[in-house]
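What follows is the content of structure-v4.txt (compact mmCIF, C-alpha atoms).
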```txt
# COMPACT_ATOMS: atom_id res chain seq x y z
CA MET A 509 -63.86 -157.46 20.50
CA GLU A 510 -66.38 -160.24 19.92
CA ARG A 511 -68.86 -157.82 18.37
CA PHE A 512 -66.22 -156.35 16.10
CA PHE A 513 -65.45 -159.86 14.86
CA VAL A 514 -69.14 -160.49 14.16
CA ILE A 515 -69.41 -157.22 12.22
CA ALA A 516 -66.24 -157.93 10.23
CA VAL A 517 -67.33 -161.46 9.29
CA SER A 518 -70.83 -160.27 8.35
CA ALA A 519 -69.42 -157.49 6.16
CA ALA A 520 -66.95 -159.87 4.49
CA ILE A 521 -69.63 -162.45 3.67
CA GLY A 522 -72.07 -159.82 2.45
CA THR A 523 -69.44 -158.10 0.29
CA ALA A 524 -68.32 -161.42 -1.21
CA PHE A 525 -71.93 -162.22 -2.08
CA PHE A 526 -72.44 -158.80 -3.68
CA LEU A 527 -69.29 -159.12 -5.80
CA TRP A 528 -70.30 -162.61 -6.93
CA PHE A 529 -73.83 -161.51 -7.71
CA SER A 530 -72.63 -158.43 -9.65
CA ARG A 531 -70.49 -160.64 -11.88
CA ALA A 532 -73.16 -163.31 -12.23
CA VAL A 533 -75.74 -160.81 -13.50
CA LYS A 534 -73.46 -160.06 -16.45
CA LYS A 535 -74.01 -163.63 -17.69
CA GLN A 536 -77.00 -164.35 -19.89
CA SER A 537 -77.88 -167.49 -17.96
CA MET A 538 -78.29 -165.52 -14.73
CA ARG A 539 -80.32 -162.81 -16.46
CA ASP A 540 -82.62 -165.49 -17.86
CA TYR A 541 -83.00 -166.99 -14.41
CA ILE A 542 -83.86 -163.58 -12.93
CA MET A 543 -86.47 -162.93 -15.62
CA SER A 544 -88.12 -166.28 -14.89
CA HIS A 545 -88.06 -165.73 -11.10
CA GLN A 546 -89.05 -162.09 -10.84
CA TRP A 547 -91.15 -162.78 -7.74
CA LEU A 548 -87.82 -163.40 -5.99
CA LEU A 549 -85.17 -161.42 -7.89
CA HIS A 550 -86.96 -158.45 -9.46
CA PRO A 551 -85.36 -155.20 -8.13
CA ASN A 552 -88.60 -154.33 -6.34
CA SER A 553 -88.76 -157.83 -4.86
CA ILE A 554 -85.22 -157.45 -3.54
CA CYS A 555 -86.32 -154.18 -1.89
CA TYR A 556 -89.18 -155.99 -0.16
CA TRP A 557 -86.93 -158.84 0.97
CA ARG A 558 -84.21 -156.63 2.41
CA THR A 559 -86.76 -154.47 4.25
CA ALA A 560 -88.32 -157.58 5.77
CA MET A 561 -84.87 -158.86 6.75
CA ALA A 562 -84.05 -155.53 8.42
CA ALA A 563 -87.34 -155.59 10.34
CA PHE A 564 -86.58 -159.13 11.53
CA GLY A 565 -83.06 -158.06 12.54
CA PHE A 566 -84.50 -155.08 14.45
CA ILE A 567 -86.75 -157.38 16.49
CA LEU A 568 -83.92 -159.82 17.18
CA TYR A 569 -81.52 -157.08 18.33
CA PHE A 570 -83.76 -155.06 20.62
CA PHE A 571 -86.12 -157.74 21.93
CA THR A 572 -84.11 -160.98 22.06
CA PRO A 573 -80.61 -162.05 23.17
CA TYR A 574 -79.65 -163.02 19.58
CA GLN A 575 -77.90 -159.74 18.79
CA SER A 576 -75.07 -161.29 16.78
CA VAL A 577 -77.59 -162.93 14.45
CA ALA A 578 -79.37 -159.59 14.15
CA ILE A 579 -76.14 -157.84 13.16
CA PHE A 580 -75.48 -160.44 10.45
CA ILE A 581 -79.02 -160.09 9.07
CA PHE A 582 -78.88 -156.30 9.07
CA THR A 583 -75.43 -156.17 7.47
CA PHE A 584 -76.52 -158.54 4.72
CA SER A 585 -79.70 -156.51 4.22
CA ALA A 586 -77.69 -153.28 3.90
CA ILE A 587 -75.39 -154.80 1.29
CA LEU A 588 -78.40 -155.96 -0.71
CA ASP A 589 -79.17 -152.27 -1.23
CA GLY A 590 -76.74 -152.42 -4.15
CA ALA A 591 -78.09 -155.68 -5.54
CA ASP A 592 -81.41 -154.25 -6.70
CA GLY A 593 -79.60 -151.62 -8.74
CA VAL A 594 -77.36 -154.27 -10.31
CA VAL A 595 -80.41 -156.25 -11.40
CA ALA A 596 -82.29 -153.16 -12.60
CA ARG A 597 -79.40 -152.12 -14.84
CA GLY A 598 -78.34 -155.59 -15.94
CA CYS A 599 -81.84 -156.80 -16.83
CA ASN A 600 -83.36 -153.45 -17.85
CA LEU A 601 -85.99 -153.66 -15.09
CA SER A 602 -85.91 -150.03 -13.94
CA SER A 603 -89.28 -148.41 -13.22
CA LEU A 604 -90.76 -145.24 -11.75
CA TRP A 605 -92.11 -147.29 -8.85
CA GLY A 606 -88.65 -148.68 -8.26
CA GLU A 607 -87.17 -145.16 -8.14
CA TRP A 608 -89.56 -144.34 -5.31
CA LEU A 609 -89.36 -147.72 -3.61
CA ASP A 610 -85.57 -148.04 -3.36
CA PRO A 611 -84.94 -144.96 -1.13
CA MET A 612 -88.11 -145.74 0.83
CA CYS A 613 -86.83 -149.21 1.67
CA ASP A 614 -83.48 -147.70 2.62
CA LYS A 615 -85.24 -145.50 5.17
CA LEU A 616 -87.28 -148.40 6.54
CA THR A 617 -84.03 -150.35 6.91
CA TYR A 618 -81.80 -147.91 8.81
CA LEU A 619 -84.18 -145.50 10.59
CA PRO A 620 -85.88 -147.99 13.01
CA PRO A 621 -82.59 -149.29 14.49
CA LEU A 622 -81.23 -145.72 14.70
CA ILE A 623 -84.32 -144.71 16.66
CA GLY A 624 -83.83 -147.76 18.86
CA PHE A 625 -80.21 -146.84 19.57
CA ALA A 626 -81.26 -143.24 20.30
CA TYR A 627 -83.62 -144.36 23.05
CA ALA A 628 -80.92 -146.73 24.30
CA GLY A 629 -78.79 -143.65 24.96
CA ILE A 630 -76.12 -144.27 22.31
CA ILE A 631 -77.06 -141.51 19.90
CA SER A 632 -78.84 -138.16 20.20
CA ILE A 633 -82.63 -138.45 20.29
CA GLU A 634 -83.07 -134.87 19.05
CA LEU A 635 -80.74 -135.35 16.09
CA ILE A 636 -82.30 -138.64 15.06
CA TRP A 637 -85.76 -137.10 14.92
CA VAL A 638 -84.37 -134.25 12.81
CA LEU A 639 -83.08 -136.87 10.38
CA VAL A 640 -86.39 -138.77 10.40
CA THR A 641 -88.30 -135.56 9.65
CA ILE A 642 -86.05 -134.59 6.73
CA GLU A 643 -86.10 -138.12 5.34
CA PHE A 644 -89.88 -138.43 5.26
CA VAL A 645 -90.45 -134.87 4.08
CA GLY A 646 -88.17 -135.70 1.17
CA GLN A 647 -89.77 -139.08 0.55
CA PHE A 648 -93.42 -138.02 0.58
CA PHE A 649 -93.90 -134.25 0.23
CA ALA A 650 -90.88 -133.42 -1.92
CA ARG A 651 -91.45 -136.38 -4.22
CA ARG A 652 -95.10 -135.48 -4.64
CA ILE A 653 -94.11 -131.97 -5.70
CA LEU A 654 -91.47 -133.38 -8.04
CA THR A 655 -94.14 -135.52 -9.68
CA TRP A 656 -96.33 -132.46 -10.24
CA ILE A 657 -93.52 -130.47 -11.86
CA LYS A 658 -92.28 -133.54 -13.79
CA PHE A 659 -88.86 -133.77 -12.18
CA SER A 660 -87.18 -137.11 -11.55
CA GLY A 661 -87.46 -138.42 -8.01
CA ALA A 662 -84.54 -140.79 -8.33
CA ALA A 663 -81.88 -140.74 -5.61
CA ASN A 664 -78.86 -138.50 -6.29
CA ASN A 665 -75.32 -138.99 -5.07
CA PHE A 666 -76.00 -137.07 -1.86
CA GLY A 667 -78.81 -139.48 -1.03
CA LYS A 668 -76.80 -142.57 -1.92
CA ILE A 669 -73.78 -141.58 0.16
CA LYS A 670 -76.10 -140.63 3.04
CA ALA A 671 -77.80 -144.02 2.89
CA ILE A 672 -74.48 -145.88 3.07
CA ILE A 673 -73.33 -143.73 6.00
CA CYS A 674 -76.62 -144.40 7.80
CA PHE A 675 -76.15 -148.14 7.29
CA GLY A 676 -72.64 -147.81 8.67
CA LEU A 677 -73.93 -145.70 11.55
CA VAL A 678 -76.25 -148.51 12.61
CA ILE A 679 -73.30 -150.90 12.72
CA LEU A 680 -71.23 -148.31 14.59
CA CYS A 681 -73.99 -147.92 17.19
CA ALA A 682 -74.10 -151.70 17.62
CA LEU A 683 -70.35 -151.66 18.23
CA MET A 684 -70.67 -148.81 20.75
CA ASP A 685 -73.52 -150.64 22.48
CA LYS A 686 -71.19 -153.49 23.37
CA ASN A 687 -68.03 -151.39 23.80
CA PRO A 688 -69.01 -148.07 25.47
CA GLU A 689 -65.35 -147.35 26.25
CA PHE A 690 -64.69 -146.59 22.57
CA ILE A 691 -64.62 -142.95 21.45
CA ASN A 692 -68.21 -142.11 20.52
CA ILE A 693 -68.43 -140.29 17.18
CA THR A 694 -72.02 -141.30 16.45
CA ASP A 695 -73.49 -137.79 16.80
CA GLU A 696 -70.84 -136.32 14.48
CA VAL A 697 -71.63 -138.96 11.85
CA LEU A 698 -75.35 -138.36 12.33
CA ILE A 699 -74.87 -134.64 11.65
CA ALA A 700 -73.15 -135.56 8.37
CA CYS A 701 -76.18 -137.72 7.51
CA ILE A 702 -78.52 -134.80 8.22
CA VAL A 703 -76.50 -132.46 5.99
CA LEU A 704 -76.40 -134.98 3.14
CA SER A 705 -80.11 -135.75 3.50
CA SER A 706 -80.95 -132.05 3.30
CA ALA A 707 -78.71 -131.60 0.25
CA SER A 708 -80.34 -134.61 -1.42
CA VAL A 709 -83.79 -133.01 -1.06
CA VAL A 710 -82.70 -129.53 -2.15
CA PHE A 711 -80.82 -130.67 -5.26
CA LYS A 712 -83.85 -132.56 -6.55
CA PHE A 713 -85.55 -129.21 -7.20
CA ILE A 714 -82.62 -127.63 -9.06
CA PRO A 715 -82.48 -127.87 -12.88
CA ASN A 716 -79.60 -130.08 -13.95
CA ARG A 717 -77.95 -127.37 -16.09
CA LEU A 718 -77.39 -125.27 -12.94
CA TYR A 719 -75.61 -128.01 -11.00
CA ALA A 720 -72.11 -127.08 -12.21
CA ASP A 721 -72.51 -123.36 -11.47
CA ILE A 722 -73.96 -124.03 -8.03
CA LEU A 723 -71.07 -126.33 -7.17
CA SER A 724 -68.59 -123.65 -8.33
CA VAL A 725 -70.33 -121.04 -6.16
CA LEU A 726 -70.21 -123.43 -3.20
CA ASN A 727 -66.49 -123.96 -3.85
CA PHE A 728 -65.99 -120.17 -3.87
CA GLY A 729 -67.96 -119.90 -0.61
CA CYS A 730 -65.71 -122.52 0.95
CA GLY A 731 -62.64 -120.50 -0.02
CA VAL A 732 -64.01 -117.30 1.52
CA THR A 733 -65.13 -119.14 4.65
CA SER A 734 -61.69 -120.69 4.98
CA LEU A 735 -60.05 -117.26 4.81
CA ILE A 736 -62.26 -116.07 7.67
CA LEU A 737 -61.57 -119.18 9.78
CA THR A 738 -57.83 -118.87 9.16
CA HIS A 739 -57.92 -115.22 10.26
CA HIS A 740 -59.38 -116.38 13.57
CA HIS A 741 -56.75 -119.16 13.83
CA HIS A 742 -59.20 -122.04 13.42
CA PHE A 743 -56.76 -123.80 11.12
CA ALA A 744 -58.14 -127.34 11.17
CA TRP A 745 -61.64 -126.11 10.37
CA ALA A 746 -60.28 -123.81 7.65
CA ILE A 747 -58.45 -126.72 6.04
CA CYS A 748 -61.51 -128.94 6.28
CA ILE A 749 -63.57 -126.27 4.52
CA ILE A 750 -61.00 -126.06 1.70
CA ILE A 751 -61.20 -129.84 1.28
CA THR A 752 -64.98 -129.55 1.12
CA GLY A 753 -64.49 -127.00 -1.66
CA GLN A 754 -62.30 -129.51 -3.47
CA LEU A 755 -65.14 -132.02 -3.38
CA PHE A 756 -67.42 -129.42 -4.99
CA ASP A 757 -64.71 -128.70 -7.59
CA LEU A 758 -64.35 -132.42 -8.27
CA PHE A 759 -67.94 -132.67 -9.43
CA ASP A 760 -68.63 -129.31 -11.10
CA GLY A 761 -66.74 -130.29 -14.24
CA ARG A 762 -68.50 -133.65 -14.41
CA MET A 763 -71.88 -131.98 -13.99
CA ALA A 764 -71.05 -129.50 -16.76
CA LEU A 765 -70.13 -132.32 -19.14
CA LYS A 766 -73.17 -134.39 -18.20
CA HIS A 767 -75.88 -131.73 -17.94
CA GLY A 768 -74.38 -128.62 -19.56
CA GLY A 769 -74.11 -125.26 -17.85
CA THR A 770 -74.36 -121.52 -18.29
CA LYS A 771 -71.99 -119.15 -20.09
CA TYR A 772 -70.70 -117.93 -16.73
CA GLY A 773 -69.75 -121.41 -15.56
CA PRO A 774 -66.07 -121.46 -16.69
CA TYR A 775 -65.43 -118.03 -15.11
CA LEU A 776 -67.06 -119.07 -11.84
CA ASP A 777 -64.97 -122.24 -11.78
CA ASP A 778 -61.67 -120.40 -12.36
CA ILE A 779 -62.38 -117.73 -9.76
CA ALA A 780 -63.46 -120.33 -7.19
CA ASP A 781 -60.35 -122.42 -7.85
CA PHE A 782 -58.04 -119.43 -7.37
CA VAL A 783 -59.68 -118.42 -4.09
CA SER A 784 -60.03 -121.92 -2.60
CA PHE A 785 -56.75 -123.45 -3.84
CA GLY A 786 -54.60 -120.32 -4.07
CA LEU A 787 -55.54 -117.54 -1.68
CA ALA A 788 -56.92 -119.71 1.12
CA PRO A 789 -53.91 -122.10 1.44
CA ALA A 790 -51.53 -119.14 1.06
CA TYR A 791 -53.22 -117.40 3.99
CA VAL A 792 -52.78 -120.56 6.07
CA ILE A 793 -49.05 -120.36 5.25
CA VAL A 794 -48.97 -116.67 6.25
CA GLN A 795 -50.59 -117.40 9.63
CA ILE A 796 -48.51 -120.49 10.46
CA GLY A 797 -45.31 -120.26 8.44
CA GLY A 798 -42.97 -118.12 10.51
CA SER A 799 -40.75 -115.18 9.50
CA LEU A 800 -40.75 -115.79 5.72
CA ALA A 801 -44.43 -116.70 5.59
CA TRP A 802 -45.47 -113.72 3.45
CA VAL A 803 -42.81 -114.52 0.87
CA VAL A 804 -43.62 -118.24 0.78
CA GLY A 805 -47.36 -117.54 0.63
CA GLY A 806 -46.82 -115.06 -2.21
CA VAL A 807 -44.77 -117.61 -4.16
CA PHE A 808 -47.57 -120.14 -3.72
CA ILE A 809 -50.20 -117.68 -5.00
CA ILE A 810 -48.04 -116.90 -8.05
CA GLY A 811 -47.60 -120.62 -8.70
CA VAL A 812 -51.35 -121.30 -8.56
CA ALA A 813 -52.11 -118.28 -10.75
CA PHE A 814 -49.52 -119.39 -13.33
CA ARG A 815 -50.94 -122.92 -13.27
CA LEU A 816 -54.52 -121.72 -13.86
CA ILE A 817 -53.56 -119.21 -16.59
CA ARG A 818 -51.46 -121.78 -18.43
CA PHE A 819 -54.32 -124.27 -18.26
CA ILE A 820 -56.86 -121.77 -19.62
CA ALA A 821 -54.66 -120.17 -22.27
CA MET A 822 -52.63 -123.15 -23.50
CA ASP A 823 -53.39 -126.59 -22.11
CA LYS A 824 -57.09 -126.55 -23.00
CA THR A 825 -56.27 -126.15 -26.69
CA ARG A 826 -53.35 -128.59 -26.89
CA THR A 827 -53.86 -131.56 -29.17
CA ASP A 828 -50.86 -133.51 -27.87
CA LEU A 829 -52.24 -133.68 -24.33
CA PRO A 830 -54.50 -136.74 -23.91
CA GLU A 831 -57.96 -136.21 -22.49
CA GLY A 832 -58.00 -136.48 -18.71
CA ILE A 833 -54.28 -135.67 -18.38
CA PHE A 834 -52.99 -132.48 -16.73
CA ASN A 835 -49.80 -130.63 -17.60
CA GLY A 836 -48.41 -130.06 -14.12
CA LEU A 837 -49.87 -130.96 -10.74
CA PRO A 838 -53.51 -129.78 -10.42
CA SER A 839 -53.88 -126.84 -8.03
CA PRO A 840 -56.24 -128.76 -5.64
CA ALA A 841 -53.52 -131.39 -5.14
CA GLY A 842 -50.89 -128.67 -4.75
CA ALA A 843 -53.06 -127.03 -2.10
CA LEU A 844 -53.39 -130.34 -0.24
CA ILE A 845 -49.60 -130.68 0.05
CA VAL A 846 -49.42 -127.26 1.69
CA LEU A 847 -52.43 -127.83 3.93
CA GLY A 848 -51.25 -131.23 5.14
CA ALA A 849 -47.78 -129.89 5.84
CA SER A 850 -49.15 -126.90 7.76
CA LEU A 851 -50.67 -129.26 10.34
CA ILE A 852 -47.62 -131.41 11.03
CA ALA A 853 -44.44 -129.60 9.91
CA THR A 854 -42.17 -126.91 11.29
CA PRO A 855 -42.07 -123.60 9.34
CA GLY A 856 -38.90 -124.65 7.53
CA ILE A 857 -40.36 -127.95 6.34
CA LEU A 858 -43.59 -126.17 5.39
CA TRP A 859 -41.58 -123.77 3.20
CA GLY A 860 -39.81 -126.71 1.59
CA LEU A 861 -43.01 -128.64 0.84
CA THR A 862 -44.62 -125.45 -0.48
CA SER A 863 -41.69 -125.10 -2.89
CA VAL A 864 -42.17 -128.73 -3.96
CA SER A 865 -45.88 -128.07 -4.50
CA VAL A 866 -45.24 -124.96 -6.61
CA SER A 867 -42.53 -126.71 -8.63
CA LEU A 868 -44.85 -129.61 -9.46
CA MET A 869 -47.70 -127.26 -10.42
CA VAL A 870 -45.63 -125.17 -12.84
CA SER A 871 -43.74 -128.18 -14.21
CA HIS A 872 -44.56 -130.12 -17.36
CA ILE A 873 -44.88 -133.40 -15.47
CA ARG A 874 -48.15 -135.05 -16.43
CA PHE A 875 -50.75 -135.96 -13.83
CA VAL A 876 -54.04 -137.74 -14.30
CA HIS A 877 -57.43 -136.09 -13.70
CA PHE A 878 -58.85 -137.68 -10.56
CA GLY A 879 -62.52 -137.10 -11.38
CA ARG A 880 -62.50 -137.91 -15.08
CA VAL A 881 -60.04 -140.81 -15.06
CA ILE A 882 -59.42 -142.43 -11.67
CA LEU A 883 -62.95 -141.96 -10.37
CA LYS A 884 -64.42 -143.55 -13.50
CA GLN A 885 -62.41 -146.70 -12.83
CA ILE A 886 -63.82 -147.06 -9.31
CA PRO A 887 -67.12 -149.02 -9.16
CA LYS A 888 -69.91 -146.87 -7.77
CA PRO A 889 -70.49 -149.06 -4.67
CA VAL A 890 -66.78 -148.83 -3.87
CA PHE A 891 -66.83 -145.05 -4.41
CA PHE A 892 -69.77 -144.63 -2.05
CA LEU A 893 -68.04 -146.83 0.54
CA ILE A 894 -64.83 -144.80 0.26
CA SER A 895 -66.81 -141.55 0.64
CA SER A 896 -68.50 -142.96 3.73
CA ALA A 897 -65.18 -144.12 5.18
CA ILE A 898 -63.69 -140.64 4.68
CA ILE A 899 -66.59 -139.06 6.57
CA LEU A 900 -66.18 -141.57 9.41
CA ILE A 901 -62.43 -140.86 9.59
CA LEU A 902 -62.99 -137.09 9.60
CA SER A 903 -65.61 -137.48 12.31
CA PHE A 904 -63.08 -139.39 14.43
CA ILE A 905 -60.39 -136.76 13.80
CA PHE A 906 -62.63 -133.88 14.83
CA LYS A 907 -63.93 -135.78 17.83
CA THR A 908 -60.40 -136.45 19.06
CA LYS A 909 -59.08 -133.06 17.79
CA ASN A 910 -56.04 -134.86 16.39
CA ALA A 911 -54.63 -132.30 13.95
CA GLU A 912 -51.50 -134.33 13.20
CA MET A 913 -53.56 -137.34 12.11
CA PHE A 914 -55.52 -135.01 9.85
CA GLY A 915 -52.29 -133.69 8.32
CA TYR A 916 -50.89 -137.16 7.66
CA LEU A 917 -54.21 -138.24 6.14
CA ILE A 918 -54.12 -135.27 3.73
CA LEU A 919 -50.51 -135.85 2.66
CA GLY A 920 -51.15 -139.59 2.36
CA SER A 921 -54.10 -138.99 0.06
CA VAL A 922 -52.00 -136.80 -2.27
CA LEU A 923 -49.27 -139.44 -2.35
CA VAL A 924 -51.77 -142.19 -3.20
CA TYR A 925 -53.24 -139.99 -5.96
CA MET A 926 -49.85 -139.35 -7.55
CA ILE A 927 -48.77 -143.01 -7.36
CA ALA A 928 -52.10 -144.42 -8.56
CA GLY A 929 -52.26 -141.95 -11.44
CA ARG A 930 -48.98 -143.15 -12.96
CA ARG A 931 -50.80 -146.22 -14.29
CA TRP A 932 -52.95 -144.14 -16.63
CA ILE A 933 -50.11 -141.77 -17.54
CA ARG A 934 -48.09 -144.70 -18.94
CA GLN A 935 -51.00 -146.00 -21.04
```
Is it possible to express this structure as structure tokens?
Amino acid sequence: MERFFVIAVSAAIGTAFFLWFSRAVKKQSMRDYIMSHQWLLHPNSICYWRTAMAAFGFILYFFTPYQSVAIFIFTFSAILDGADGVVARGCNLSSLWGEWLDPMCDKLTYLPPLIGFAYAGIISIELIWVLVTIEFVGQFFARRILTWIKFSGAANNFGKIKAIICFGLVILCALMDKNPEFINITDEVLIACIVLSSASVVFKFIPNRLYADILSVLNFGCGVTSLILTHHHHFAWAICIIITGQLFDLFDGRMALKHGGTKYGPYLDDIADFVSFGLAPAYVIVQIGGSLAWVVGGVFIIGVAFRLIRFIAMDKTRTDLPEGIFNGLPSPAGALIVLGASLIATPGILWGLTSVSVSLMVSHIRFVHFGRVILKQIPKPVFFLISSAIILILSFIFKTKNAEMFGYLILGSVLVYMIAGRRWIRQ
């Protein structure tokens, strides 16, 4: 556990520094100091420094016995990835060169140690070279094309979450290197990095106004895929696909507000929501829920349909309903209650929790919008860390095939959402 202690201390010190620095940049005195010492604290300079630190840490880890020092240096370097953005925004020092440099320095920070761990036998060599290929195709060829067609080459959320997961994957490999008896989920996490890296490249070429519609179509595809998986009794995978659809649904509304959309967008969103959060969970109930499963599943579908129709026909036009507040439990949260219960409960308890879910959805109890209210209150670095942690947890669950843990995680997340949201309901 010595290595775990080193990683924990390094992360704590680095996080404390980042929080202090983020607050300090808000003060005029610190901004003045940064402007007078740009050779050291300009966002681009920070990129150079953290890349150099990572290179030094790479040499220390793989070619010297000072691996603990290397872990500290790398961890600190990874956390500095957020510092350049803080300075760029706080001191208005953003630049086109910086947009290219930041993701490039990320790659030069986490790819060399990942390659090193691959040849040390801790992670798949084939998968790591797939990631390297996608990363550099996106960095050089895709960005060159984007420049020609006058699209922004700045990192999107897919790329940012991927970068944080890759940083975490390096630390995870270091932990596995010293403790090979631990359950190895490195390849599963690496696959997530490959998927996110590919999505980051693809979405750079898509006009912003199409983002919302594409996310709605992806949500719909998740619902259909889940129905197929449920039919073949792959329940854990079916539930995971529905949750993936919920992530797409979480962002399609935000993309529509930020970038606009097409006239078909609202219809696509409603259809996708009904399939992914109504039909798909109901079919899970039908396959798992015992003798009354068809009745309970039908009640759930009716509840979701009523919830969506009421939202479209009435709640959208209400003036007494504050912005970001739902009348009744949102259907994605209602679906999560059913899905979590289906993994851990007996048919009778599943019927009961389904009834609770439907009752909350059709009720007039107010619930806060997670994406438009709660998510806005979470600092971006914290959001990216939470997203990365969720992917790590899911990787562990699928590696160990622990369906009950998955179910408790789902139900726990709904409970946290409902409790945390009460703060904004009372305001």
Find the residue from A:Gln575, A:Ser530, A:Ser585, A:Ser706 that sits nearest to Leu639 in chain A; use all atoms listed in the file when measuring. A:Ser706
Calculated over all atoms listed in the file, which of the candidates A:Leu858, A:Lys535, A:Ile567, A:Leu698 has the smallest distance to Val846 in chain A?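 For Val846 in chain A, the nearest of the given residues is A:Leu858.
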Out of A:Val640, A:Ala746, A:Val794, A:Met926, which residue has the shortest atom-to-atom distance to Phe834 in chain A when counting only C-alpha atoms? A:Met926
May I have a table of the residues of range 714-772 of chain A lying at most 12 Å from range 795-806 of chain A, giving each one's closest pair of atoms and their distance in Å to one decimal, counting only C-alpha atoms, ordered by chain and ascending residue number, as a Markdown table?
```
| residue | atom | partner | partner_atom | distance |
| --- | --- | --- | --- | --- |
| A:Leu735 | CA | A:Gln795 | CA | 10.6 |
| A:Ile736 | CA | A:Gln795 | CA | 11.9 |
| A:Leu737 | CA | A:Gln795 | CA | 11.1 |
| A:Thr738 | CA | A:Gln795 | CA | 7.4 |
| A:His739 | CA | A:Gln795 | CA | 7.7 |
| A:His740 | CA | A:Gln795 | CA | 9.7 |
| A:His741 | CA | A:Gln795 | CA | 7.7 |
| A:His742 | CA | A:Gln795 | CA | 10.5 |
| A:Phe743 | CA | A:Ile796 | CA | 8.9 |
| A:Ala744 | CA | A:Ile796 | CA | 11.8 |
| A:Ala746 | CA | A:Gln795 | CA | 11.8 |
```
Within 8 Å of Val812 in chain A, counting only C-alpha atoms, which residues qualify if same-chain residues fewer than 5 places away don't, as a VMD selection string? chain A and resid 782 785 to 786 839 866 869
For CA of Ser784 in chain A and CA of Lys670 in chain A, quote the distance in Å rounded to one decimal. 25.3 Å
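The interatomic distance for the pair CA of Gly593 in chain A and CA of Tyr618 in chain A works out to 18.1 Å.
The nearest approach to Ala682 in chain A among the residues A:Ala849, A:Ile714, A:Ile515, A:Ile817, with all atoms listed in the file taken into account, belongs to A:Ile515.
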Which of these, A:Tyr574, A:Phe582, A:Tyr791, A:Phe759, has the shortest distance to Arg880 in chain A once you count all atoms listed in the file?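 Smallest separation from Arg880 in chain A among the options: A:Phe759.
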So that I can see what lies close to Val876 in chain A, please list as a PDB file with C-alpha atoms, in the coordinates of the input the residues with an atom at most 12 Å from it, counting all atoms listed in the file and leaving out residues fewer than 4 positions away in the same chain.
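Contents of the output file around_28.pdb:
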```pdb
ATOM      1  CA  LEU A 829     -52.240-133.680 -24.330  1.00  0.00           C
ATOM      2  CA  PRO A 830     -54.500-136.740 -23.910  1.00  0.00           C
ATOM      3  CA  GLU A 831     -57.960-136.210 -22.490  1.00  0.00           C
ATOM      4  CA  GLY A 832     -58.000-136.480 -18.710  1.00  0.00           C
ATOM      5  CA  ILE A 833     -54.280-135.670 -18.380  1.00  0.00           C
ATOM      6  CA  PHE A 834     -52.990-132.480 -16.730  1.00  0.00           C
ATOM      7  CA  ASN A 835     -49.800-130.630 -17.600  1.00  0.00           C
ATOM      8  CA  GLY A 836     -48.410-130.060 -14.120  1.00  0.00           C
ATOM      9  CA  LEU A 837     -49.870-130.960 -10.740  1.00  0.00           C
ATOM     10  CA  PRO A 838     -53.510-129.780 -10.420  1.00  0.00           C
ATOM     11  CA  ALA A 841     -53.520-131.390  -5.140  1.00  0.00           C
ATOM     12  CA  ARG A 880     -62.500-137.910 -15.080  1.00  0.00           C
ATOM     13  CA  VAL A 881     -60.040-140.810 -15.060  1.00  0.00           C
ATOM     14  CA  ILE A 882     -59.420-142.430 -11.670  1.00  0.00           C
ATOM     15  CA  LEU A 883     -62.950-141.960 -10.370  1.00  0.00           C
ATOM     16  CA  LYS A 884     -64.420-143.550 -13.500  1.00  0.00           C
ATOM     17  CA  TYR A 925     -53.240-139.990  -5.960  1.00  0.00           C
ATOM     18  CA  MET A 926     -49.850-139.350  -7.550  1.00  0.00           C
ATOM     19  CA  ILE A 927     -48.770-143.010  -7.360  1.00  0.00           C
ATOM     20  CA  ALA A 928     -52.100-144.420  -8.560  1.00  0.00           C
ATOM     21  CA  GLY A 929     -52.260-141.950 -11.440  1.00  0.00           C
ATOM     22  CA  ARG A 930     -48.980-143.150 -12.960  1.00  0.00           C
ATOM     23  CA  ARG A 931     -50.800-146.220 -14.290  1.00  0.00           C
ATOM     24  CA  TRP A 932     -52.950-144.140 -16.630  1.00  0.00           C
ATOM     25  CA  ILE A 933     -50.110-141.770 -17.540  1.00  0.00           C
ATOM     26  CA  ARG A 934     -48.090-144.700 -18.940  1.00  0.00           C
ATOM     27  CA  GLN A 935     -51.000-146.000 -21.040  1.00  0.00           C
TER      28      GLN A 935
END
```
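If all atoms listed in the file are the atoms counted, then among A:Thr523, A:Ser850, A:Ser863, A:Ser871 the closest residue to Ala911 in chain A is A:Ser850.
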Could you jot down the CA of Cys555 in chain A to CA of Ser603 in chain A separation for me, Å, one decimal place? 13.1 Å
Using only C-alpha atoms, which residues sit within 12 Å of Thr694 in chain A once same-chain residues fewer than 3 positions away are excluded, as a ChimeraX atom specification? /A:622,625-626,629-633,635-636,673-674,676-685,688,690-691,697-701,899-901,903-904,907
What are the centre and the three edge lengths of an axis-aligned box that wraps all atoms of range 768-777 of chain A in the file, given that 3 Å is added to every side, written as lines of an AutoDock Vina configuration file and rounded to one decimal in Å?
```
center_x = -69.7
center_y = -123.3
center_z = -15.9
size_x = 15.4
size_y = 16.7
size_z = 14.3
```
Using only C-alpha atoms, I'd like a table of the residues in range 593-637 of chain A that come within 10 Å of range 547-551 of chain A; for each, show the closest atom pair and its distance in Å rounded to one decimal, ordered by chain and ascending number, as a tab-separated table.
```
residue	atom	partner	partner_atom	distance
A:Gly593	CA	A:Pro551	CA	6.8
A:Val594	CA	A:Pro551	CA	8.3
A:Val595	CA	A:Pro551	CA	6.0
A:Ala596	CA	A:Pro551	CA	5.8
A:Arg597	CA	A:Pro551	CA	9.5
A:Cys599	CA	A:His550	CA	9.1
A:Leu601	CA	A:Pro551	CA	7.2
A:Ser602	CA	A:Pro551	CA	7.8
A:Ser603	CA	A:Pro551	CA	9.3
A:Gly606	CA	A:Pro551	CA	7.3
A:Leu609	CA	A:Pro551	CA	9.6
A:Asp610	CA	A:Pro551	CA	8.6
```
